[in-house]
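**Q** As input, take start_7.cif (mmCIF, C-alpha atoms):
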data_model
#
loop_
_atom_site.group_PDB
_atom_site.id
_atom_site.type_symbol
_atom_site.label_atom_id
_atom_site.label_comp_id
_atom_site.auth_asym_id
_atom_site.auth_seq_id
_atom_site.Cartn_x
_atom_site.Cartn_y
_atom_site.Cartn_z
ATOM 1 C CA MET A 1 -83.268 34.666 96.467
ATOM 2 C CA THR A 2 -82.092 31.248 97.601
ATOM 3 C CA LYS A 3 -78.646 31.267 99.207
ATOM 4 C CA ILE A 4 -76.431 28.517 97.824
ATOM 5 C CA GLY A 5 -73.258 26.985 99.209
ATOM 6 C CA ILE A 6 -70.777 24.796 97.345
ATOM 7 C CA ILE A 7 -68.409 22.424 99.115
ATOM 8 C CA GLY A 8 -65.677 21.324 96.738
ATOM 9 C CA THR A 9 -64.423 23.830 94.180
ATOM 10 C CA GLY A 10 -62.356 21.675 91.868
ATOM 11 C CA MET A 11 -62.842 21.997 88.126
ATOM 12 C CA LEU A 12 -66.522 21.056 88.120
ATOM 13 C CA GLY A 13 -67.471 22.777 91.387
ATOM 14 C CA GLU A 14 -65.785 25.988 90.291
ATOM 15 C CA ALA A 15 -67.526 26.002 86.904
ATOM 16 C CA VAL A 16 -70.948 25.357 88.473
ATOM 17 C CA GLY A 17 -70.288 28.114 90.988
ATOM 18 C CA LEU A 18 -69.233 30.633 88.346
ATOM 19 C CA HIS A 19 -72.401 29.955 86.372
ATOM 20 C CA LEU A 20 -74.581 30.384 89.469
ATOM 21 C CA LEU A 21 -72.858 33.687 90.251
ATOM 22 C CA LYS A 22 -73.373 34.838 86.664
ATOM 23 C CA SER A 23 -77.034 33.865 87.047
ATOM 24 C CA GLY A 24 -77.396 36.199 90.029
ATOM 25 C CA TYR A 25 -77.330 33.799 92.997
ATOM 26 C CA ALA A 26 -75.625 34.535 96.313
ATOM 27 C CA LEU A 27 -72.908 31.926 96.763
ATOM 28 C CA SER A 28 -70.634 30.837 99.599
ATOM 29 C CA VAL A 29 -67.860 28.325 98.981
ATOM 30 C CA PHE A 30 -65.548 26.021 100.885
ATOM 31 C CA ASN A 31 -62.588 23.960 99.747
ATOM 32 C CA ARG A 32 -59.862 22.387 101.845
ATOM 33 C CA THR A 33 -57.295 23.954 99.495
ATOM 34 C CA LYS A 34 -58.338 27.583 99.811
ATOM 35 C CA SER A 35 -56.496 28.701 96.675
ATOM 36 C CA LYS A 36 -59.075 26.779 94.622
ATOM 37 C CA THR A 37 -61.744 29.267 95.729
ATOM 38 C CA GLU A 38 -59.905 32.368 94.520
ATOM 39 C CA ASN A 39 -61.541 32.626 91.097
ATOM 40 C CA LEU A 40 -64.994 32.274 92.636
ATOM 41 C CA VAL A 41 -64.246 34.944 95.237
ATOM 42 C CA LYS A 42 -63.065 37.294 92.478
ATOM 43 C CA ASN A 43 -66.460 36.802 90.844
ATOM 44 C CA GLY A 44 -68.485 37.552 93.974
ATOM 45 C CA ALA A 45 -68.548 34.396 96.092
ATOM 46 C CA THR A 46 -67.938 34.447 99.843
ATOM 47 C CA VAL A 47 -65.348 31.982 101.120
ATOM 48 C CA VAL A 48 -65.942 30.395 104.544
ATOM 49 C CA ASN A 49 -63.830 28.246 106.833
ATOM 50 C CA SER A 50 -65.787 24.990 107.139
ATOM 51 C CA PRO A 51 -68.686 22.937 105.773
ATOM 52 C CA MET A 52 -70.551 23.914 108.948
ATOM 53 C CA ASP A 53 -70.288 27.583 107.923
ATOM 54 C CA ILE A 54 -71.528 26.727 104.440
ATOM 55 C CA ALA A 55 -74.611 25.058 105.943
ATOM 56 C CA LYS A 56 -75.292 27.937 108.350
ATOM 57 C CA ASN A 57 -75.213 30.466 105.505
ATOM 58 C CA SER A 58 -77.127 28.478 102.859
ATOM 59 C CA ASP A 59 -80.589 27.258 101.991
ATOM 60 C CA LEU A 60 -79.126 24.743 99.537
ATOM 61 C CA VAL A 61 -75.730 23.095 99.975
ATOM 62 C CA ILE A 62 -74.172 21.400 96.928
ATOM 63 C CA THR A 63 -71.322 18.971 97.578
ATOM 64 C CA VAL A 64 -68.920 18.281 94.700
ATOM 65 C CA VAL A 65 -66.190 16.138 96.218
ATOM 66 C CA LYS A 66 -64.084 13.113 95.310
ATOM 67 C CA ASP A 67 -66.015 10.119 96.638
ATOM 68 C CA ALA A 68 -68.421 8.810 99.269
ATOM 69 C CA ALA A 69 -65.783 9.000 102.013
ATOM 70 C CA SER A 70 -65.308 12.697 101.243
ATOM 71 C CA VAL A 71 -69.076 13.308 101.237
ATOM 72 C CA LYS A 72 -69.308 11.687 104.672
ATOM 73 C CA GLN A 73 -66.364 13.701 105.953
ATOM 74 C CA VAL A 74 -67.744 17.112 104.970
ATOM 75 C CA SER A 75 -71.230 16.098 106.076
ATOM 76 C CA PHE A 76 -70.878 14.254 109.363
ATOM 77 C CA GLU A 77 -67.467 14.931 110.927
ATOM 78 C CA ASN A 78 -66.632 17.861 113.238
ATOM 79 C CA ASP A 79 -67.548 21.241 111.718
ATOM 80 C CA GLY A 80 -69.466 19.387 109.027
ATOM 81 C CA ILE A 81 -72.802 20.145 107.448
ATOM 82 C CA LEU A 82 -74.746 18.579 110.333
ATOM 83 C CA ASP A 83 -73.195 21.081 112.733
ATOM 84 C CA GLY A 84 -74.688 23.908 110.667
ATOM 85 C CA ASN A 85 -78.174 22.414 110.413
ATOM 86 C CA HIS A 86 -81.165 24.768 110.414
ATOM 87 C CA ASP A 87 -84.807 24.722 109.348
ATOM 88 C CA GLY A 88 -85.284 24.278 105.633
ATOM 89 C CA LEU A 89 -81.724 23.191 104.853
ATOM 90 C CA VAL A 90 -81.389 20.978 101.755
ATOM 91 C CA VAL A 91 -78.220 19.131 100.752
ATOM 92 C CA ALA A 92 -77.648 18.078 97.133
ATOM 93 C CA ASP A 93 -74.688 15.837 96.309
ATOM 94 C CA MET A 94 -73.096 16.136 92.853
ATOM 95 C CA SER A 95 -70.260 13.713 93.571
ATOM 96 C CA THR A 96 -70.017 10.285 91.919
ATOM 97 C CA VAL A 97 -70.602 7.581 94.539
ATOM 98 C CA ASN A 98 -71.804 4.011 94.842
ATOM 99 C CA PRO A 99 -75.632 3.883 94.980
ATOM 100 C CA SER A 100 -75.451 1.947 98.260
ATOM 101 C CA SER A 101 -73.313 4.726 99.755
ATOM 102 C CA ALA A 102 -75.811 7.316 98.488
ATOM 103 C CA LYS A 103 -78.617 5.508 100.306
ATOM 104 C CA GLU A 104 -76.559 5.393 103.506
ATOM 105 C CA ILE A 105 -75.733 9.105 103.300
ATOM 106 C CA SER A 106 -79.352 9.977 102.531
ATOM 107 C CA LYS A 107 -80.591 7.975 105.526
ATOM 108 C CA LYS A 108 -78.225 9.741 107.919
ATOM 109 C CA PHE A 109 -79.277 13.165 106.687
ATOM 110 C CA GLN A 110 -82.951 12.219 107.023
ATOM 111 C CA GLU A 111 -82.351 11.000 110.588
ATOM 112 C CA ASN A 112 -81.012 14.473 111.354
ATOM 113 C CA GLY A 113 -83.933 16.306 109.764
ATOM 114 C CA ILE A 114 -82.144 17.384 106.577
ATOM 115 C CA ASP A 115 -83.643 16.796 103.143
ATOM 116 C CA PHE A 116 -81.167 15.196 100.750
ATOM 117 C CA VAL A 117 -81.073 14.979 96.947
ATOM 118 C CA GLU A 118 -78.531 13.232 94.719
ATOM 119 C CA ILE A 119 -77.712 15.293 91.618
ATOM 120 C CA PRO A 120 -74.843 13.702 89.660
ATOM 121 C CA VAL A 121 -74.301 15.319 86.275
ATOM 122 C CA MET A 122 -72.996 14.544 82.826
ATOM 123 C CA GLY A 123 -70.671 17.046 81.200
ATOM 124 C CA GLY A 124 -67.463 18.700 82.285
ATOM 125 C CA PRO A 125 -66.494 22.193 83.398
ATOM 126 C CA ASN A 126 -66.435 23.344 79.767
ATOM 127 C CA VAL A 127 -70.241 22.986 79.587
ATOM 128 C CA ALA A 128 -70.984 23.601 83.278
ATOM 129 C CA ILE A 129 -69.765 27.166 82.896
ATOM 130 C CA ASP A 130 -72.739 27.802 80.588
ATOM 131 C CA GLY A 131 -75.335 25.736 82.456
ATOM 132 C CA LYS A 132 -75.348 23.017 79.792
ATOM 133 C CA LEU A 133 -74.933 19.977 82.038
ATOM 134 C CA VAL A 134 -77.341 17.038 82.109
ATOM 135 C CA LEU A 135 -78.530 16.428 85.667
ATOM 136 C CA MET A 136 -79.908 13.185 87.109
ATOM 137 C CA ALA A 137 -81.711 13.520 90.440
ATOM 138 C CA SER A 138 -83.076 11.112 93.024
ATOM 139 C CA GLY A 139 -84.023 11.148 96.677
ATOM 140 C CA ASN A 140 -86.381 13.614 98.341
ATOM 141 C CA LYS A 141 -88.694 14.757 95.554
ATOM 142 C CA ASP A 142 -90.149 17.678 97.514
ATOM 143 C CA ALA A 143 -86.655 19.048 98.084
ATOM 144 C CA TYR A 144 -85.884 18.590 94.385
ATOM 145 C CA GLU A 145 -89.045 20.473 93.415
ATOM 146 C CA THR A 146 -88.295 23.262 95.907
ATOM 147 C CA HIS A 147 -84.967 23.981 94.236
ATOM 148 C CA LYS A 148 -85.796 22.837 90.715
ATOM 149 C CA ASN A 149 -85.200 26.336 89.361
ATOM 150 C CA ILE A 150 -81.609 26.142 90.586
ATOM 151 C CA PHE A 151 -81.064 22.661 89.161
ATOM 152 C CA GLU A 152 -82.476 23.915 85.858
ATOM 153 C CA THR A 153 -80.011 26.802 85.996
ATOM 154 C CA ILE A 154 -77.145 24.350 86.481
ATOM 155 C CA ALA A 155 -78.282 21.918 83.782
ATOM 156 C CA HIS A 156 -80.253 22.366 80.575
ATOM 157 C CA LYS A 157 -81.729 18.862 80.964
ATOM 158 C CA ASN A 158 -82.969 17.445 84.279
ATOM 159 C CA PHE A 159 -84.231 13.937 85.012
ATOM 160 C CA PHE A 160 -85.825 13.014 88.340
ATOM 161 C CA LEU A 161 -85.378 9.249 88.652
ATOM 162 C CA GLY A 162 -87.002 8.265 91.953
ATOM 163 C CA ASP A 163 -85.714 6.950 95.241
ATOM 164 C CA SER A 164 -82.226 7.430 96.658
ATOM 165 C CA GLY A 165 -79.544 5.588 94.708
ATOM 166 C CA ALA A 166 -81.295 5.776 91.337
ATOM 167 C CA ALA A 167 -79.393 8.781 89.980
ATOM 168 C CA HIS A 168 -76.013 7.332 90.865
ATOM 169 C CA SER A 169 -76.906 4.006 89.240
ATOM 170 C CA ILE A 170 -77.527 5.801 85.938
ATOM 171 C CA LYS A 171 -74.497 8.055 86.427
ATOM 172 C CA LEU A 172 -72.234 5.009 86.791
ATOM 173 C CA ALA A 173 -73.774 3.428 83.696
ATOM 174 C CA MET A 174 -73.082 6.669 81.805
ATOM 175 C CA ASN A 175 -69.467 6.882 82.959
ATOM 176 C CA LEU A 176 -68.994 3.276 81.893
ATOM 177 C CA GLN A 177 -70.045 4.313 78.374
ATOM 178 C CA ILE A 178 -67.541 7.167 78.395
ATOM 179 C CA SER A 179 -64.641 4.980 79.520
ATOM 180 C CA MET A 180 -65.446 2.375 76.857
ATOM 181 C CA LEU A 181 -65.820 4.987 74.103
ATOM 182 C CA ALA A 182 -62.434 6.487 74.996
ATOM 183 C CA LEU A 183 -60.844 3.035 74.888
ATOM 184 C CA ALA A 184 -62.504 2.054 71.598
ATOM 185 C CA LEU A 185 -61.538 5.350 69.973
ATOM 186 C CA SER A 186 -57.973 5.107 71.287
ATOM 187 C CA GLU A 187 -57.562 1.544 70.075
ATOM 188 C CA GLY A 188 -58.947 2.497 66.644
ATOM 189 C CA ILE A 189 -56.461 5.372 66.393
ATOM 190 C CA THR A 190 -53.628 3.112 67.566
ATOM 191 C CA LEU A 191 -54.504 0.387 65.077
ATOM 192 C CA THR A 192 -54.714 2.931 62.237
ATOM 193 C CA ARG A 193 -51.312 4.361 63.090
ATOM 194 C CA LYS A 194 -49.727 0.928 63.309
ATOM 195 C CA ALA A 195 -51.203 0.093 59.893
ATOM 196 C CA GLY A 196 -49.317 3.082 58.479
ATOM 197 C CA PHE A 197 -52.213 5.518 58.008
ATOM 198 C CA GLU A 198 -52.810 8.952 59.464
ATOM 199 C CA PRO A 199 -55.632 8.777 62.056
ATOM 200 C CA GLU A 200 -57.341 11.829 60.526
ATOM 201 C CA LYS A 201 -58.624 9.590 57.733
ATOM 202 C CA PHE A 202 -59.971 7.073 60.274
ATOM 203 C CA LEU A 203 -61.809 9.900 62.059
ATOM 204 C CA GLU A 204 -63.177 11.330 58.807
ATOM 205 C CA ILE A 205 -64.669 7.979 57.872
ATOM 206 C CA LEU A 206 -65.886 7.190 61.390
ATOM 207 C CA ASN A 207 -67.611 10.556 61.644
ATOM 208 C CA SER A 208 -69.338 9.931 58.302
ATOM 209 C CA THR A 209 -71.137 6.910 59.727
ATOM 210 C CA TYR A 210 -73.830 5.949 62.207
ATOM 211 C CA PHE A 211 -71.064 5.021 64.664
ATOM 212 C CA LYS A 212 -69.799 8.557 65.230
ATOM 213 C CA THR A 213 -70.019 9.971 68.764
ATOM 214 C CA GLY A 214 -69.644 13.329 70.426
ATOM 215 C CA MET A 215 -66.214 12.149 71.523
ATOM 216 C CA SER A 216 -65.113 11.196 68.016
ATOM 217 C CA GLU A 217 -66.362 14.535 66.674
ATOM 218 C CA ASN A 218 -65.278 16.881 69.473
ATOM 219 C CA LYS A 219 -62.328 15.368 71.342
ATOM 220 C CA ALA A 220 -60.623 12.966 68.958
ATOM 221 C CA HIS A 221 -58.780 15.629 66.937
ATOM 222 C CA ASN A 222 -57.093 16.878 70.120
ATOM 223 C CA MET A 223 -56.349 13.275 71.062
ATOM 224 C CA ILE A 224 -54.390 12.605 67.861
ATOM 225 C CA LYS A 225 -52.440 15.826 68.494
ATOM 226 C CA ASN A 226 -51.492 14.474 71.944
ATOM 227 C CA SER A 227 -53.453 17.303 73.566
ATOM 228 C CA PHE A 228 -54.979 16.039 76.792
ATOM 229 C CA GLU A 229 -55.875 19.163 78.749
ATOM 230 C CA PRO A 230 -58.059 17.685 81.490
ATOM 231 C CA THR A 231 -61.779 18.270 81.722
ATOM 232 C CA PHE A 232 -62.043 15.014 83.693
ATOM 233 C CA MET A 233 -58.789 13.474 84.865
ATOM 234 C CA LEU A 234 -57.829 9.945 83.921
ATOM 235 C CA LYS A 235 -57.282 9.116 87.602
ATOM 236 C CA ASN A 236 -60.886 10.132 88.330
ATOM 237 C CA MET A 237 -62.198 7.887 85.561
ATOM 238 C CA THR A 238 -60.137 5.094 87.119
ATOM 239 C CA LYS A 239 -61.747 5.819 90.483
ATOM 240 C CA ASP A 240 -65.201 5.700 88.903
ATOM 241 C CA LEU A 241 -64.480 2.384 87.198
ATOM 242 C CA GLY A 242 -63.660 0.992 90.613
ATOM 243 C CA ILE A 243 -67.019 2.234 91.908
ATOM 244 C CA ILE A 244 -68.765 0.785 88.836
ATOM 245 C CA ASN A 245 -67.324 -2.648 89.507
ATOM 246 C CA GLU A 246 -68.195 -2.445 93.202
ATOM 247 C CA ALA A 247 -71.766 -1.495 92.313
ATOM 248 C CA ALA A 248 -72.012 -4.263 89.715
ATOM 249 C CA LYS A 249 -70.964 -6.811 92.319
ATOM 250 C CA SER A 250 -73.576 -5.525 94.780
ATOM 251 C CA PHE A 251 -76.250 -5.771 92.046
ATOM 252 C CA ASN A 252 -75.070 -9.294 91.109
ATOM 253 C CA ALA A 253 -74.220 -8.053 87.600
ATOM 254 C CA ASP A 254 -71.291 -9.532 85.672
ATOM 255 C CA LEU A 255 -69.573 -6.780 83.618
ATOM 256 C CA PRO A 256 -66.467 -8.368 82.073
ATOM 257 C CA MET A 257 -65.588 -5.333 79.934
ATOM 258 C CA ALA A 258 -65.855 -3.005 82.922
ATOM 259 C CA LYS A 259 -63.340 -5.186 84.753
ATOM 260 C CA LEU A 260 -60.934 -5.081 81.799
ATOM 261 C CA ALA A 261 -61.368 -1.331 81.386
ATOM 262 C CA SER A 262 -60.660 -0.818 85.083
ATOM 263 C CA LYS A 263 -57.373 -2.689 84.793
ATOM 264 C CA VAL A 264 -56.254 -0.748 81.699
ATOM 265 C CA TYR A 265 -57.004 2.615 83.317
ATOM 266 C CA GLN A 266 -55.379 1.551 86.581
ATOM 267 C CA ASP A 267 -52.253 0.487 84.696
ATOM 268 C CA ALA A 268 -52.211 3.892 82.981
ATOM 269 C CA VAL A 269 -52.417 5.689 86.341
ATOM 270 C CA GLU A 270 -49.596 3.585 87.740
ATOM 271 C CA ASP A 271 -47.533 4.464 84.664
ATOM 272 C CA GLY A 272 -47.922 8.194 85.334
ATOM 273 C CA PHE A 273 -50.882 9.160 83.123
ATOM 274 C CA GLY A 274 -53.361 9.960 85.905
ATOM 275 C CA GLU A 275 -53.222 13.764 85.819
ATOM 276 C CA ILE A 276 -54.170 14.188 82.145
ATOM 277 C CA ASP A 277 -57.625 13.966 80.572
ATOM 278 C CA TYR A 278 -59.261 10.536 80.560
ATOM 279 C CA THR A 279 -58.874 10.496 76.760
ATOM 280 C CA GLY A 280 -55.151 10.359 77.486
ATOM 281 C CA ILE A 281 -55.668 6.606 77.679
ATOM 282 C CA LEU A 282 -54.569 6.941 74.030
ATOM 283 C CA ALA A 283 -51.136 8.134 75.169
ATOM 284 C CA TYR A 284 -50.816 5.113 77.442
ATOM 285 C CA LEU A 285 -51.803 2.725 74.631
ATOM 286 C CA LYS A 286 -49.265 4.393 72.346
ATOM 287 C CA LYS A 287 -46.556 3.873 74.941
ATOM 288 C CA ILE A 288 -47.236 0.192 75.466
ATOM 289 C CA SER A 289 -47.675 -0.374 71.700
ATOM 290 C CA ASP A 290 -44.312 1.253 70.961
ATOM 291 C CA ASN A 291 -42.434 -0.828 73.512
#
Starting from the file, lay out its structure as structure tokens.
**A**
Amino acid sequence: MTKIGIIGTGMLGEAVGLHLLKSGYALSVFNRTKSKTENLVKNGATVVNSPMDIAKNSDLVITVVKDAASVKQVSFENDGILDGNHDGLVVADMSTVNPSSAKEISKKFQENGIDFVEIPVMGGPNVAIDGKLVLMASGNKDAYETHKNIFETIAHKNFFLGDSGAAHSIKLAMNLQISMLALALSEGITLTRKAGFEPEKFLEILNSTYFKTGMSENKAHNMIKNSFEPTFMLKNMTKDLGIINEAAKSFNADLPMAKLASKVYQDAVEDGFGEIDYTGILAYLKKISDN
């Protein structure tokens, strides 16, 4: 069976790894903070000391790290993936990065004889643990096809989108939707409260209409209870909005709402809301509305 390595065992990387272990795959893991690998090790993963060791011991390496700079670090710096290169090695990046950075990373891997696939996903650790993610892939199609069974284990829906950069372009567009939905829902709740009504009635009516969303049905009731246990941290959404605006500029696209959303989320992070769920933007709006 294919040997898999995961570099980056935060919330998403851990959940993907646990599902792969449950599905019977041999898994090695690396994270700079070793304590974040403990749950995976308890469930049968092997922890190693560097990205190089991950590459040496794997047929498929999946990177799930913060940003493009982190992908480059674990890939190309000392004791990185390149130092563990061997015949047949495939690298698949699940991080969220600028499409131009994805193309640059892909090119460098190709120059070193390593097949590279971009596999950003939609869905948090709560669905990753059961293999219910939605996966968007681009890059080396042969490499994607070789390990398609693994990608289909990770995600119940897979979309191969073409050349390098394509998957991340769609991923950024998807995360833009999420950030806007969280803002619209939070502002609706805030307006309802300020009008003197309980937000439950707003949600009941909203969810009776065409305009309901998965967020309004599944997350909003926790939001109005001020429960913001993170599945995707607000600071990470802020980071992604920055990438979205960088990508828009490179594509010569004017996205005025993305710029405004970026500022609101950045203000929330600076005000101390970064470590909660991205839907905690509601808590920030409540604070500034009550001032």
**Q** Find the spatial neighbours of segment 114-124 of chain A, counting all atoms listed in the file, within a cut-off of 8 Å - ignore same-chain residues fewer than 5 positions away - and output them as a PyMOL selection string.
**A** chain A and resi 12+85+88-96+102+106+109+132-141+143-144+164-165+167-168+171+174+231-232
**Q** Pick out the closest residue to Glu14 of chain A from this set: A:Asp277, A:Glu38, A:Glu217, A:Asp142. Count only C-alpha atoms.
**A**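 Under the stated criterion, the closest residue is A:Glu38.
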**Q** List, as a PyMOL selection string, every residue that the PyMOL selection byres ((chain A and resi 246) around 12) selects in the file provided.
**A** chain A and resi 97-101+169+172+239-245+247-255+258-259+262
**Q** Kindly resolve the PyMOL selection byres ((chain A and resi 189-201) around 10) on the present coordinates and return the residues as a short mmCIF file (atom, residue, chain, number, x, y, z; two decimals) with C-alpha atoms, keeping the file's coordinate frame.
**A**
data_model
loop_
_atom_site.label_atom_id
_atom_site.label_comp_id
_atom_site.auth_asym_id
_atom_site.auth_seq_id
_atom_site.Cartn_x
_atom_site.Cartn_y
_atom_site.Cartn_z
CA LEU A 183 -60.84 3.04 74.89
CA ALA A 184 -62.50 2.05 71.60
CA LEU A 185 -61.54 5.35 69.97
CA SER A 186 -57.97 5.11 71.29
CA GLU A 187 -57.56 1.54 70.08
CA GLY A 188 -58.95 2.50 66.64
CA PHE A 202 -59.97 7.07 60.27
CA LEU A 203 -61.81 9.90 62.06
CA GLU A 204 -63.18 11.33 58.81
CA ILE A 205 -64.67 7.98 57.87
CA LEU A 206 -65.89 7.19 61.39
CA ASN A 207 -67.61 10.56 61.64
CA ALA A 220 -60.62 12.97 68.96
CA HIS A 221 -58.78 15.63 66.94
CA MET A 223 -56.35 13.28 71.06
CA ILE A 224 -54.39 12.60 67.86
CA LEU A 282 -54.57 6.94 74.03
CA ALA A 283 -51.14 8.13 75.17
CA LEU A 285 -51.80 2.72 74.63
CA LYS A 286 -49.26 4.39 72.35
CA SER A 289 -47.68 -0.37 71.70
CA ASP A 290 -44.31 1.25 70.96
#
**Q** What's the separation between atom CA of Arg32 of chain A and atom CA of Gly8 of chain A, in Å to one decimal place?
**A**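 Straight-line distance from atom CA of Arg32 of chain A to atom CA of Gly8 of chain A works out to 7.8 Å.
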**Q** List the residues matched by the PyMOL selection byres ((chain A and resi 39) around 12) in the displayed structure as a VMD selection string, ordered by chain and then by residue number.
**A** chain A and resid 9 to 11 13 to 15 17 to 18 21 29 34 to 38 40 to 47
**Q** May I have the residues at most 7 Å from (-70.4, 25.5, 100.5) in the file's coordinates, counting only C-alpha atoms, as a VMD selection string?
**A** chain A and resid 5 to 7 28 to 30 51 54 to 55 61 to 62
**Q** May I ask for the distance between atom CA of Pro230 of chain A and atom CA of Val127 of chain A, given in Å to one decimal place?
**A**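 The value is 13.4 Å.
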**Q** For segment 67-79 of chain A, take all atoms listed in the file, fit an axis-aligned box around them, add 6 Å to each of the six sides, then output centre and edge lengths in Å rounded to one decimal, as lines of an AutoDock Vina configuration file.
**A**
center_x = -68.3
center_y = 15.0
center_z = 104.9
size_x = 17.9
size_y = 24.4
size_z = 28.6
**Q** So how many Å separate atom CA of Asp87 of chain A and atom CA of Asn57 of chain A, to one decimal?
**A**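 One can read the atom CA of Asp87 of chain A to atom CA of Asn57 of chain A distance as 11.8 Å.
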**Q** Within 10 Å of (-57.2, 15.6, 83.1), in the coordinates the file gives, what residues turn up when you count only C-alpha atoms, written out as a short mmCIF file (atom, residue, chain, number, x, y, z; two decimals) with C-alpha atoms, in the frame of the given file?
**A**
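In the end it all went to result06.cif:
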data_model
loop_
_atom_site.label_atom_id
_atom_site.label_comp_id
_atom_site.auth_asym_id
_atom_site.auth_seq_id
_atom_site.Cartn_x
_atom_site.Cartn_y
_atom_site.Cartn_z
CA MET A 11 -62.84 22.00 88.13
CA PHE A 228 -54.98 16.04 76.79
CA GLU A 229 -55.88 19.16 78.75
CA PRO A 230 -58.06 17.68 81.49
CA THR A 231 -61.78 18.27 81.72
CA PHE A 232 -62.04 15.01 83.69
CA MET A 233 -58.79 13.47 84.86
CA LEU A 234 -57.83 9.94 83.92
CA LYS A 235 -57.28 9.12 87.60
CA ASN A 236 -60.89 10.13 88.33
CA MET A 237 -62.20 7.89 85.56
CA PHE A 273 -50.88 9.16 83.12
CA GLY A 274 -53.36 9.96 85.90
CA GLU A 275 -53.22 13.76 85.82
CA ILE A 276 -54.17 14.19 82.14
CA ASP A 277 -57.62 13.97 80.57
CA TYR A 278 -59.26 10.54 80.56
CA THR A 279 -58.87 10.50 76.76
CA GLY A 280 -55.15 10.36 77.49
#
**Q** Tell me which protein, DNA and RNA residues are within 10 Å of Phe76 of chain A, counting only C-alpha atoms, leaving out same-chain ones fewer than 4 positions away, and put them as a ChimeraX atom specification.
**A** /A:51-52,70-72,80-83,105,108-109
**Q** Which residue is closest to Ala155 of chain A? Choose from A:Ile129, A:Gln110, A:Met257, A:Leu60 and count all atoms listed in the file.
**A**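 Residue with the minimum atom-to-atom distance to Ala155 of chain A: A:Ile129.
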**Q** Given the choices A:Asn291, A:Val16, A:Ser58, A:Gln177, which gets closest to Phe151 of chain A if the distance is worked out from only C-alpha atoms?
**A**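 Selected residue with least distance to Phe151 of chain A: A:Val16.
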**Q** So, with all atoms listed in the file as the atoms that count, which of A:Asp271, A:Asp163, A:Glu152, A:Glu77 lies closest to Leu20 of chain A?
**A**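 Once distances to Leu20 of chain A are computed over all atoms listed in the file, the minimum belongs to A:Glu152.
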**Q** Quick one: segment 277-289 of chain A from the block, C-alpha atoms, as a PDB file, in the first residue's frame.
**A**
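Full text of selection.pdb as output:
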ATOM      1  CA  ASP A 277     -13.475  30.670  14.712  1.00  0.00           C
ATOM      2  CA  TYR A 278     -13.835  32.923  11.673  1.00  0.00           C
ATOM      3  CA  THR A 279     -17.556  33.220  12.482  1.00  0.00           C
ATOM      4  CA  GLY A 280     -16.383  35.081  15.575  1.00  0.00           C
ATOM      5  CA  ILE A 281     -16.415  38.142  13.335  1.00  0.00           C
ATOM      6  CA  LEU A 282     -19.883  38.441  14.923  1.00  0.00           C
ATOM      7  CA  ALA A 283     -18.280  38.983  18.335  1.00  0.00           C
ATOM      8  CA  TYR A 284     -16.115  41.750  16.901  1.00  0.00           C
ATOM      9  CA  LEU A 285     -19.125  43.449  15.279  1.00  0.00           C
ATOM     10  CA  LYS A 286     -21.007  43.223  18.574  1.00  0.00           C
ATOM     11  CA  LYS A 287     -18.121  44.904  20.360  1.00  0.00           C
ATOM     12  CA  ILE A 288     -17.841  47.818  17.969  1.00  0.00           C
ATOM     13  CA  SER A 289     -21.653  48.188  17.805  1.00  0.00           C
TER      14      SER A 289
END
